[in-house]
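Below you'll find the structure, written out as structure tokens, and then a few comments.
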Amino acid sequence: MPTTTHHLALKPTTLFTLYCIIFLGSAGFFITIPAYVSLFLTDHSLAIAQNMPIEQRRTLFGTVMSAAPFISMFFTPFIARFADRFSRKVTMVLCLIIAAIGFAMPIYAIVIGSIALLFAGNMINSLGSASQPIAQAILADNSRGKTKATLMSMVAIVMTAAMSFGPALGSKLSATYGTQAPFYACFIIAIFCLILLNLVRLPPQVTLHNENPLSFVAPLKRSQSGLLACLAIVFICQFSWSLYFQNIAFIFPQKWGISVESSFYQYFMMAIGVVMICSLLLLPRLILARINVLSALRITTLFAAIGMILLAITPTPNTHIAAMIFTAVMVAIAFPFYITALSDRASEADQGWVMAMSSAMVGLAWTLSGYLTSVFVNIDLILPTAIAAIGYVIAMIIVPKKAATLITAAN
């Protein structure tokens, strides 16, 4: 049966505020990447970094860029539990203040040439990004069925836009105004979100009194069967897509002699973002008008697996483009389906926690795949893409058979 709709309890200004916060959570990482590259790996490096061999600078760059996701993965679920237990709005305000401080510290660090302060700012900002899953929780908590999937599609659009266009924006800002500019931009976005958040009224949330926010036992007990399977699907789908996404940088040069500096590669990567955003705008709601979320998830993960197989065997760049379009569509529209399926299996009072857990799965998937892709490529060039196909098949198999029912805190 088609998924039912539900009246949306969020006003347009509130939606705009929440999506701005979600954008900041991703853009804060991607916009600043070119600045970190310039600071550590180019002739514009910090004075202290210039005294290091390039090998040490690369190691330092990798440490800075990977430590923040690990910190976010570890602390975000606990921060989200506090938000569910006490107040999501207050917690988001605190996170945005922390994020603003995290963006301001690198600005000063560049002035005084302090790598330690730059590193600390990045770590602090990673804690502030916990506002992203909390904003997603408010969206999930105030929608049902097709409406929830539509809102989750918009979440994916905002995050994809940050991933696709953030580095280009950061590069332009760095080239035009210097390496401090991307941090200034993110600082301004954080302050803008903070102002907006204090101007809007969020719907009341269900809170649980006398519950230890550091414990995950209670939300697991309140969840329906299939929640852990849905968390696994989030990880598997993100891990599989990331394997291929990072494998592109190996496939093009080694298979067809197309360098990553070429216009073909640049347009190909931009096309991925455009295809995914357009798909998320148009398709999920149309699909859910005909079938339910779980059926849609099974179909899209199956087609994503087929797409990965096509990407692995394409003989020419042009056929690879055609396979990429098909696969990117399936990968993109699967996101709102598995996030909705996951949200539906947690109680209203645990939406922040479950969204934080999904964010942790995404972060873990991209962190692990970054290392494993290079390992797999040393065995065979298309192995990461082949493993991605297997991953989507596994995701399809473990999709829960039964639909979720609405769980309130009283349950």
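By order of appearance in the structure tokens: chains A, B, ..., then residues from 1 within every chain, and ligands from 1 in the order shown.
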Where does region 305-387 of chain A meet region 237-240 of chain A within 8 Å, residue by residue, with the nearest atom pair and distance in Å to one decimal for each, counting only C-alpha atoms, listed by chain and rising number, as a tab-separated table?
```
residue	atom	partner	partner_atom	distance
A:Val331	CA	A:Cys237	CA	7.9
A:Val362	CA	A:Gln238	CA	5.9
A:Ala365	CA	A:Phe239	CA	4.5
A:Trp366	CA	A:Phe239	CA	6.1
A:Leu368	CA	A:Phe239	CA	7.8
A:Ser369	CA	A:Phe239	CA	6.1
A:Thr385	CA	A:Ser240	CA	7.8
A:Ile387	CA	A:Ser240	CA	7.1
```
>> I need the residues of region 199-302 of chain A that end up classed as helix (DSSP H, G or I) by DSSP on the backbone, written out as JSON, numbers by chain.
In response: {"A": [199, 217, 218, 219, 220, 221, 222, 227, 228, 229, 230, 231, 232, 233, 234, 235, 236, 237, 238, 239, 240, 241, 242, 243, 244, 245, 246, 247, 248, 249, 250, 251, 252, 253, 254, 255, 256, 263, 264, 265, 266, 267, 268, 269, 270, 271, 272, 273, 274, 275, 276, 277, 278, 279, 280, 281, 282, 283, 284, 285, 286, 287, 288, 293, 294, 295, 296, 297, 298, 299, 300, 301, 302]}
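The gap separating CA of Thr147 (chain A) from CA of Phe335 (chain A) is 14.5 Å, in Å to one decimal.
Put simply, CA of Phe235 (chain A) is 7.8 Å away from CA of Ser358 (chain A).
Nearest-residue note for Met73 (chain A): choosing from A:Leu208, A:Ile248, A:Met123, A:Ala109, the minimum distance belongs to A:Met123, counting only C-alpha atoms.
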>> Could you list, as a PyMOL selection string, every residue within 12 Å of Gly307 (chain A), counting only C-alpha atoms and ignoring same-chain residues fewer than 6 positions away?
In response: chain A and resi 240-241+244+300-301+313-314+319-331+385-386+388-390+392-393
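Distances to Leu24 (chain A) were evaluated for A:Tyr265, A:Phe187, A:Phe78, A:Phe216 using only C-alpha atoms, and the minimum falls at A:Phe187.
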> So, counting only C-alpha atoms, which residue among A:Ile309, A:Ala404, A:Ala360, A:Cys278 is closest to Ile157 (chain A)?
Replying inline: A:Cys278
> Which neighbours of Val200 (chain A) fall inside 7 Å, counting only C-alpha atoms, when residues of the same chain fewer than 3 positions from it are skipped, and could you give them as an NGL selection string?
Replying inline: :A and (14 or 196-197)
Please dump the current selection as a compact mmCIF listing (two decimals), in the first residue's frame; keep N, CA and C atoms.
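This is the output file again-v5.txt:
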```
# COMPACT_ATOMS: atom_id res chain seq x y z
N THR A 14 10.59 27.84 10.09
CA THR A 14 11.25 26.82 10.91
C THR A 14 11.99 25.83 10.02
N LEU A 196 18.55 32.89 13.53
CA LEU A 196 17.29 32.32 13.04
C LEU A 196 16.65 31.40 14.08
N LEU A 197 17.48 30.56 14.70
CA LEU A 197 16.96 29.59 15.67
C LEU A 197 16.30 30.29 16.85
```
